Structure formats: structure tokens, C-alpha cells
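Here's the structure we're looking at; comments come further down.
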Amino acid sequence: MTTLTPVGTSAARVVDAFKVYGAGDAEVRALDGVTVGFPAARFTAIMGPSGSGKSTLMHCAAGLDTLSSGSAFIGTTDLGTLGDRDLTLLRRERIGFVFQSFNLVGTLTVAENITLPLDLAGARPDTDWVDALIDVVGLGDRLLHRPSELSGGQQQRVAVARALAGRPDVVFADEPTGNLDSRSGAEVLNLLGRAVHEMGRTVVMVTHDPVAAAHADEVVFLADGRLVDRMTDPTAEKVLDRMKAFDGLAGAGAGRGTVS
Ligand SMILES: Nc1ncnc2c1ncn2[C@@H]1O[C@H](COP(=O)(O)OP(=O)(O)OP(=O)(O)O)[C@@H](O)[C@H]1O
């Protein structure tokens, strides 16, 4: 079980990150020199136009994919120095994941799904913490149900509890509300916000939705594989306006400046 990264430091960061797919005429620079830190005990959203590199950034920061050059850190651990086995252990023990498609195990109960990462790691669940999580996600009366017996919003709440069960240093969420109606989406976002503000966790979320991004403490904006802006205390209106500016500049060299 890991401890919290101190407030004020980056729970995760990438430095001078490049990710290149293909070669020659087919070369795509999905990340084109990104340096960004995701502060501990904060909720950060990653936004940007389609194809701007959001998922690539998240996957590389989380050790699900490797950079072409540059470095990715979880706390002070440089992911580039880890072999496959250590990377798998780091992902299992120090990172939580929430995906758009919930990714629960259909044959397991809600309770078993929540403690699955701990069981896989051979770790004994901290029952006080898991009980508190179950309380926060509001599924105490569904613990023996299977995922197929739950609504989409309930399933995603289970996925959030599962991501938090091992007290990871950082939770990466990829479009966690993409398959939910606005009310269920708001519940999941409130949950992620509570994990940060009441439980001291760190959340990094990729989203297309300005309303979702407004739940974050800070939004970082990508365009053409570069970090082009950051916004603290976002509102849906401010985020939407910023995104509209990308649309207005599309094809006119949008996002070629770098902010880090
Ligand atoms: N495996 C791959 N092979 C080739 N190109 C890829 C691959 N994965 C991503 N890309 C390209 O890299 C760029 C960034 O993709 P990425 O999925 O990170 O963007 P995104 O901002 O998450 O997009 P979206 O909002 O549409 O999900 C895009 O041009 C994409 O086509």
C-alpha cells in the first residue's frame, strides 16, 4: 500500500514528451514536445480537439504506452527505467483506471469487482477504506449483484470504487462519462471530485465534455500534440469558449504555441 504524494508535487508528469506513429509521409506526432505535471490531490481534466493527443498523453503518463522520447514519471519513478514486470506492478499498485466502457468483470459481484485489484496484487483490503468507498459510491445494497444487474451509472460508480480501492497515487479516467446520461455522468464526476477533495486522491481525466471538465480543479488543453493552455477553476462556459477558439483557428495553425 502506498502513501499519498505530498500536496504541491506532481503525482504524475511527462517531460519533453514525444510520441510518433508511423514514418515518412505517414508520420503522426501524437505528442509533440509536451511537458506537464498533474498535481497531487487535485482533479485535472485534459481537453482538446479530436486527434489532439489526449488519449496518447494519458496512456503514456499512466504507463499503458511508451513515449518515443522524453520521460514519464509517477511520483519520482521514471517509467522509462522500469522493465515490463515492474511496470505491471506499478500500474497495479500505484495507478487506478476508469474507462468509458466500465470494464467490470461480469462473473464477479460488485464487492468482488471493487476488491479485484487488491486480490490480484495479493494485498489485504483495508476494510475501513473499502467500506468508506462503498458508502461514498452509494452501492452498499448492491454488493452481491452482478454488473449486468446494474445501470450504466451504477456500473461506472463500481469502476470508480475499484480504481480507488488500493489507494493509488493517481487515478486516470478516460472519458468516464462518455457512455452515461447527464445525470449519471454528474454522479460519477461528483464521486471523482469527492475522491480528490475529501479523500486526498489525485485524478486525471480525459474528456470531450466541457460540463465534465468543469468538475476539475484545472483543465489542460492540447492541440496538435502540444500543450497550449491551462485553466484553473474552470466553468463549462469558459471551457466551451476555449474549445470554440480551437474551432475558429482550425486549419490556421491552431495550437502551435507551447505553454508548459
Ligand atoms: N496506434 C496509432 N497509430 C497511428 N496513429 C495513431 C495511433 N494512435 C493515435 N494515433 C494518432 O495520434 C493522434 C492523437 O491521437 P489521440 O487518440 O491521442 O487523440 P485524442 O485527442 O485522444 O482524440 P479523440 O478525442 O478523437 O479521442 C491522432 O492523429 C491519431 O490518429
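Chain identifiers are assigned as A, B, and so on, following the order in which chains appear in the C-alpha cells; residues are numbered from 1 within each chain, and ligands are numbered from 1 in order of appearance.
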
Open item on the list: as a PyMOL selection string, please: every protein or nucleic acid residue near ligand 1 (cut-off 12 Å, counting only C-alpha atoms and all ligand atoms).
Closed with: chain A and resi 18-23+26-32+46-61+65-66+100+174-175+178+205-209+221-227

Closest atom pairs, residues of region 162-259 of chain A within 12 Å of region 34-38 of chain A, only C-alpha atoms, as a Markdown table:
| residue | atom | partner | partner_atom | distance |
| --- | --- | --- | --- | --- |
| A:Asp169 | CA | A:Phe38 | CA | 11.1 |
| A:Val170 | CA | A:Phe38 | CA | 9.1 |
| A:Val171 | CA | A:Phe38 | CA | 10.9 |
| A:Phe172 | CA | A:Phe38 | CA | 10.6 |
| A:Arg201 | CA | A:Phe38 | CA | 11.8 |
| A:Thr202 | CA | A:Phe38 | CA | 8.2 |
| A:Val203 | CA | A:Phe38 | CA | 8.4 |
| A:Val204 | CA | A:Phe38 | CA | 7.2 |
| A:Met205 | CA | A:Phe38 | CA | 10.4 |
| A:Ala216 | CA | A:Phe38 | CA | 11.8 |
| A:Asp217 | CA | A:Phe38 | CA | 10.8 |
| A:Glu218 | CA | A:Phe38 | CA | 9.4 |
| A:Val219 | CA | A:Phe38 | CA | 10.3 |
| A:Val220 | CA | A:Val36 | CA | 8.7 |
| A:Phe221 | CA | A:Val36 | CA | 10.7 |
| A:Leu222 | CA | A:Val34 | CA | 9.0 |
| A:Ala223 | CA | A:Val34 | CA | 10.6 |
| A:Asp224 | CA | A:Val34 | CA | 10.6 |
| A:Gly225 | CA | A:Val34 | CA | 7.4 |
| A:Arg226 | CA | A:Val34 | CA | 5.6 |
| A:Leu227 | CA | A:Val34 | CA | 5.9 |
| A:Val228 | CA | A:Val34 | CA | 9.4 |
| A:Asp229 | CA | A:Val36 | CA | 10.7 |
| A:Arg230 | CA | A:Val36 | CA | 10.0 |
| A:Arg256 | CA | A:Val34 | CA | 11.9 |
| A:Gly257 | CA | A:Val34 | CA | 11.3 |
| A:Thr258 | CA | A:Val34 | CA | 8.1 |
| A:Val259 | CA | A:Thr35 | CA | 8.5 |

Just C-alpha atoms for this one: save the residues we selected as a compact mmCIF listing (two decimals), in the first residue's frame.
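Ended up saving to out.txt:
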# COMPACT_ATOMS: atom_id res chain seq x y z
CA ASP A 169 -1.18 7.60 -6.22
CA VAL A 170 -3.25 8.66 -9.21
CA VAL A 171 -6.48 7.65 -10.94
CA PHE A 172 -6.56 8.07 -14.73
CA ARG A 201 -6.64 11.35 -4.09
CA THR A 202 -5.35 12.58 -7.46
CA VAL A 203 -7.48 12.30 -10.60
CA VAL A 204 -6.52 12.94 -14.22
CA MET A 205 -9.43 12.75 -16.66
CA ALA A 216 -11.96 19.55 -12.38
CA ASP A 217 -9.74 21.98 -10.44
CA GLU A 218 -7.77 22.66 -13.59
CA VAL A 219 -8.09 21.95 -17.30
CA VAL A 220 -5.08 21.49 -19.58
CA PHE A 221 -5.68 21.97 -23.29
CA LEU A 222 -3.90 20.08 -26.06
CA ALA A 223 -3.86 20.93 -29.75
CA ASP A 224 -1.82 19.15 -32.41
CA GLY A 225 0.05 17.17 -29.77
CA ARG A 226 1.13 20.26 -27.84
CA LEU A 227 0.07 21.74 -24.54
CA VAL A 228 -1.42 25.10 -25.46
CA ASP A 229 -3.28 26.35 -22.39
CA ARG A 230 -4.23 25.68 -18.77
CA ARG A 256 1.28 25.81 -32.42
CA GLY A 257 2.39 27.75 -29.37
CA THR A 258 3.53 25.81 -26.33
CA VAL A 259 2.56 26.52 -22.75

From the DSSP assignment of the backbone, select every residue of region 2-121 of chain A that is helix (DSSP H, G or I), and format the answer as a PDB file with N, CA and C atoms, in the first residue's frame.
ATOM      1  N   GLY A  24       7.931   8.622 -42.278  1.00  0.00           N
ATOM      2  CA  GLY A  24       7.882   9.275 -43.588  1.00  0.00           C
ATOM      3  C   GLY A  24       6.618  10.097 -43.754  1.00  0.00           C
ATOM      4  N   ASP A  25       5.953   9.953 -44.904  1.00  0.00           N
ATOM      5  CA  ASP A  25       4.737  10.739 -45.167  1.00  0.00           C
ATOM      6  C   ASP A  25       3.619  10.384 -44.200  1.00  0.00           C
ATOM      7  N   ALA A  26       3.667   9.156 -43.668  1.00  0.00           N
ATOM      8  CA  ALA A  26       2.600   8.693 -42.766  1.00  0.00           C
ATOM      9  C   ALA A  26       2.878   9.049 -41.306  1.00  0.00           C
ATOM     10  N   LYS A  54      -4.898  13.628 -26.578  1.00  0.00           N
ATOM     11  CA  LYS A  54      -5.334  13.466 -25.179  1.00  0.00           C
ATOM     12  C   LYS A  54      -5.134  12.035 -24.680  1.00  0.00           C
ATOM     13  N   SER A  55      -5.668  11.075 -25.450  1.00  0.00           N
ATOM     14  CA  SER A  55      -5.559   9.677 -25.002  1.00  0.00           C
ATOM     15  C   SER A  55      -4.101   9.228 -24.994  1.00  0.00           C
ATOM     16  N   THR A  56      -3.356   9.667 -25.997  1.00  0.00           N
ATOM     17  CA  THR A  56      -1.937   9.294 -26.043  1.00  0.00           C
ATOM     18  C   THR A  56      -1.218   9.823 -24.807  1.00  0.00           C
ATOM     19  N   LEU A  57      -1.497  11.072 -24.446  1.00  0.00           N
ATOM     20  CA  LEU A  57      -0.856  11.642 -23.258  1.00  0.00           C
ATOM     21  C   LEU A  57      -1.209  10.830 -22.023  1.00  0.00           C
ATOM     22  N   MET A  58      -2.502  10.516 -21.878  1.00  0.00           N
ATOM     23  CA  MET A  58      -2.917   9.772 -20.700  1.00  0.00           C
ATOM     24  C   MET A  58      -2.282   8.382 -20.672  1.00  0.00           C
ATOM     25  N   HIS A  59      -2.299   7.714 -21.804  1.00  0.00           N
ATOM     26  CA  HIS A  59      -1.753   6.347 -21.842  1.00  0.00           C
ATOM     27  C   HIS A  59      -0.257   6.341 -21.539  1.00  0.00           C
ATOM     28  N   CYS A  60       0.453   7.326 -22.054  1.00  0.00           N
ATOM     29  CA  CYS A  60       1.905   7.371 -21.796  1.00  0.00           C
ATOM     30  C   CYS A  60       2.178   7.775 -20.346  1.00  0.00           C
ATOM     31  N   ALA A  61       1.388   8.709 -19.810  1.00  0.00           N
ATOM     32  CA  ALA A  61       1.585   9.125 -18.417  1.00  0.00           C
ATOM     33  C   ALA A  61       1.279   7.990 -17.455  1.00  0.00           C
ATOM     34  N   LEU A  79       9.150   6.053 -15.494  1.00  0.00           N
ATOM     35  CA  LEU A  79       8.590   4.822 -16.073  1.00  0.00           C
ATOM     36  C   LEU A  79       9.528   4.197 -17.096  1.00  0.00           C
ATOM     37  N   GLY A  80      10.347   5.039 -17.733  1.00  0.00           N
ATOM     38  CA  GLY A  80      11.268   4.551 -18.750  1.00  0.00           C
ATOM     39  C   GLY A  80      12.359   3.657 -18.189  1.00  0.00           C
ATOM     40  N   THR A  81      12.546   3.691 -16.865  1.00  0.00           N
ATOM     41  CA  THR A  81      13.595   2.856 -16.259  1.00  0.00           C
ATOM     42  C   THR A  81      13.050   1.494 -15.835  1.00  0.00           C
ATOM     43  N   ASP A  84       9.127  -4.605 -18.014  1.00  0.00           N
ATOM     44  CA  ASP A  84       7.702  -4.941 -18.136  1.00  0.00           C
ATOM     45  C   ASP A  84       7.073  -5.343 -16.805  1.00  0.00           C
ATOM     46  N   ARG A  85       7.810  -6.163 -16.054  1.00  0.00           N
ATOM     47  CA  ARG A  85       7.261  -6.678 -14.794  1.00  0.00           C
ATOM     48  C   ARG A  85       7.045  -5.556 -13.781  1.00  0.00           C
ATOM     49  N   ASP A  86       8.056  -4.689 -13.653  1.00  0.00           N
ATOM     50  CA  ASP A  86       7.922  -3.583 -12.690  1.00  0.00           C
ATOM     51  C   ASP A  86       6.844  -2.590 -13.136  1.00  0.00           C
ATOM     52  N   LEU A  87       6.726  -2.421 -14.440  1.00  0.00           N
ATOM     53  CA  LEU A  87       5.689  -1.517 -14.952  1.00  0.00           C
ATOM     54  C   LEU A  87       4.299  -2.083 -14.648  1.00  0.00           C
ATOM     55  N   THR A  88       4.153  -3.373 -14.817  1.00  0.00           N
ATOM     56  CA  THR A  88       2.871  -4.016 -14.495  1.00  0.00           C
ATOM     57  C   THR A  88       2.562  -3.843 -13.011  1.00  0.00           C
ATOM     58  N   LEU A  89       3.572  -4.049 -12.174  1.00  0.00           N
ATOM     59  CA  LEU A  89       3.355  -3.890 -10.733  1.00  0.00           C
ATOM     60  C   LEU A  89       3.000  -2.456 -10.386  1.00  0.00           C
ATOM     61  N   LEU A  90       3.713  -1.503 -11.013  1.00  0.00           N
ATOM     62  CA  LEU A  90       3.418  -0.090 -10.739  1.00  0.00           C
ATOM     63  C   LEU A  90       1.986   0.251 -11.135  1.00  0.00           C
ATOM     64  N   ARG A  91       1.572  -0.209 -12.315  1.00  0.00           N
ATOM     65  CA  ARG A  91       0.189   0.072 -12.743  1.00  0.00           C
ATOM     66  C   ARG A  91      -0.803  -0.545 -11.770  1.00  0.00           C
ATOM     67  N   ARG A  92      -0.486  -1.726 -11.282  1.00  0.00           N
ATOM     68  CA  ARG A  92      -1.419  -2.437 -10.409  1.00  0.00           C
ATOM     69  C   ARG A  92      -1.484  -1.786  -9.025  1.00  0.00           C
ATOM     70  N   GLU A  93      -0.330  -1.350  -8.531  1.00  0.00           N
ATOM     71  CA  GLU A  93      -0.262  -0.909  -7.135  1.00  0.00           C
ATOM     72  C   GLU A  93      -0.371   0.607  -6.959  1.00  0.00           C
ATOM     73  N   ARG A  94      -0.028   1.366  -7.983  1.00  0.00           N
ATOM     74  CA  ARG A  94       0.050   2.817  -7.776  1.00  0.00           C
ATOM     75  C   ARG A  94      -0.884   3.623  -8.664  1.00  0.00           C
ATOM     76  N   VAL A 110     -20.426  -7.093  -7.355  1.00  0.00           N
ATOM     77  CA  VAL A 110     -19.951  -5.720  -7.165  1.00  0.00           C
ATOM     78  C   VAL A 110     -18.804  -5.702  -6.156  1.00  0.00           C
ATOM     79  N   ALA A 111     -18.993  -6.368  -5.022  1.00  0.00           N
ATOM     80  CA  ALA A 111     -17.960  -6.370  -3.978  1.00  0.00           C
ATOM     81  C   ALA A 111     -16.659  -6.967  -4.499  1.00  0.00           C
ATOM     82  N   GLU A 112     -16.789  -8.076  -5.255  1.00  0.00           N
ATOM     83  CA  GLU A 112     -15.573  -8.733  -5.785  1.00  0.00           C
ATOM     84  C   GLU A 112     -14.890  -7.869  -6.832  1.00  0.00           C
ATOM     85  N   ASN A 113     -15.699  -7.160  -7.640  1.00  0.00           N
ATOM     86  CA  ASN A 113     -15.100  -6.258  -8.619  1.00  0.00           C
ATOM     87  C   ASN A 113     -14.316  -5.152  -7.940  1.00  0.00           C
ATOM     88  N   ILE A 114     -14.873  -4.622  -6.853  1.00  0.00           N
ATOM     89  CA  ILE A 114     -14.214  -3.494  -6.182  1.00  0.00           C
ATOM     90  C   ILE A 114     -12.855  -3.910  -5.613  1.00  0.00           C
ATOM     91  N   THR A 115     -12.793  -5.110  -5.059  1.00  0.00           N
ATOM     92  CA  THR A 115     -11.523  -5.514  -4.429  1.00  0.00           C
ATOM     93  C   THR A 115     -10.625  -6.317  -5.383  1.00  0.00           C
ATOM     94  N   LEU A 116     -11.055  -6.443  -6.654  1.00  0.00           N
ATOM     95  CA  LEU A 116     -10.279  -7.266  -7.597  1.00  0.00           C
ATOM     96  C   LEU A 116      -8.805  -6.834  -7.708  1.00  0.00           C
ATOM     97  N   PRO A 117      -8.509  -5.525  -7.869  1.00  0.00           N
ATOM     98  CA  PRO A 117      -7.087  -5.148  -7.999  1.00  0.00           C
ATOM     99  C   PRO A 117      -6.281  -5.559  -6.769  1.00  0.00           C
ATOM    100  N   LEU A 118      -6.906  -5.452  -5.595  1.00  0.00           N
ATOM    101  CA  LEU A 118      -6.206  -5.841  -4.365  1.00  0.00           C
ATOM    102  C   LEU A 118      -5.991  -7.349  -4.341  1.00  0.00           C
ATOM    103  N   ASP A 119      -7.012  -8.085  -4.767  1.00  0.00           N
ATOM    104  CA  ASP A 119      -6.889  -9.541  -4.789  1.00  0.00           C
ATOM    105  C   ASP A 119      -5.800  -9.973  -5.766  1.00  0.00           C
ATOM    106  N   LEU A 120      -5.768  -9.304  -6.934  1.00  0.00           N
ATOM    107  CA  LEU A 120      -4.741  -9.657  -7.928  1.00  0.00           C
ATOM    108  C   LEU A 120      -3.349  -9.377  -7.387  1.00  0.00           C
TER     109      LEU A 120
END

Task: Point-to-point distance from CA of Ser10 (chain A) to CA of Gln155 (chain A), Å rounded to tenths - done: 29.7 Å

Open item on the list: According to DSSP computed on the backbone, where in region 124-184 of chain A is there strand (DSSP E)? Give the residues as a list in words.
Closed with: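 Selecting the strand (DSSP E) positions of region 124-184 of chain A gives Val170, Val171, Phe172, Ala173 and Asp174 of chain A.
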
Open item on the list: If I take CA of Leu143 (chain A) and CA of Asp181 (chain A), how far is one from the other in Å, to one decimal?
Closed with: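 So the answer is 23.0 Å.
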
TODO: To one decimal in Å, tell me the separation between CA of Pro39 (chain A) and CA of Gly75 (chain A).
DONE: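 Distance between the two atoms: 9.9 Å.
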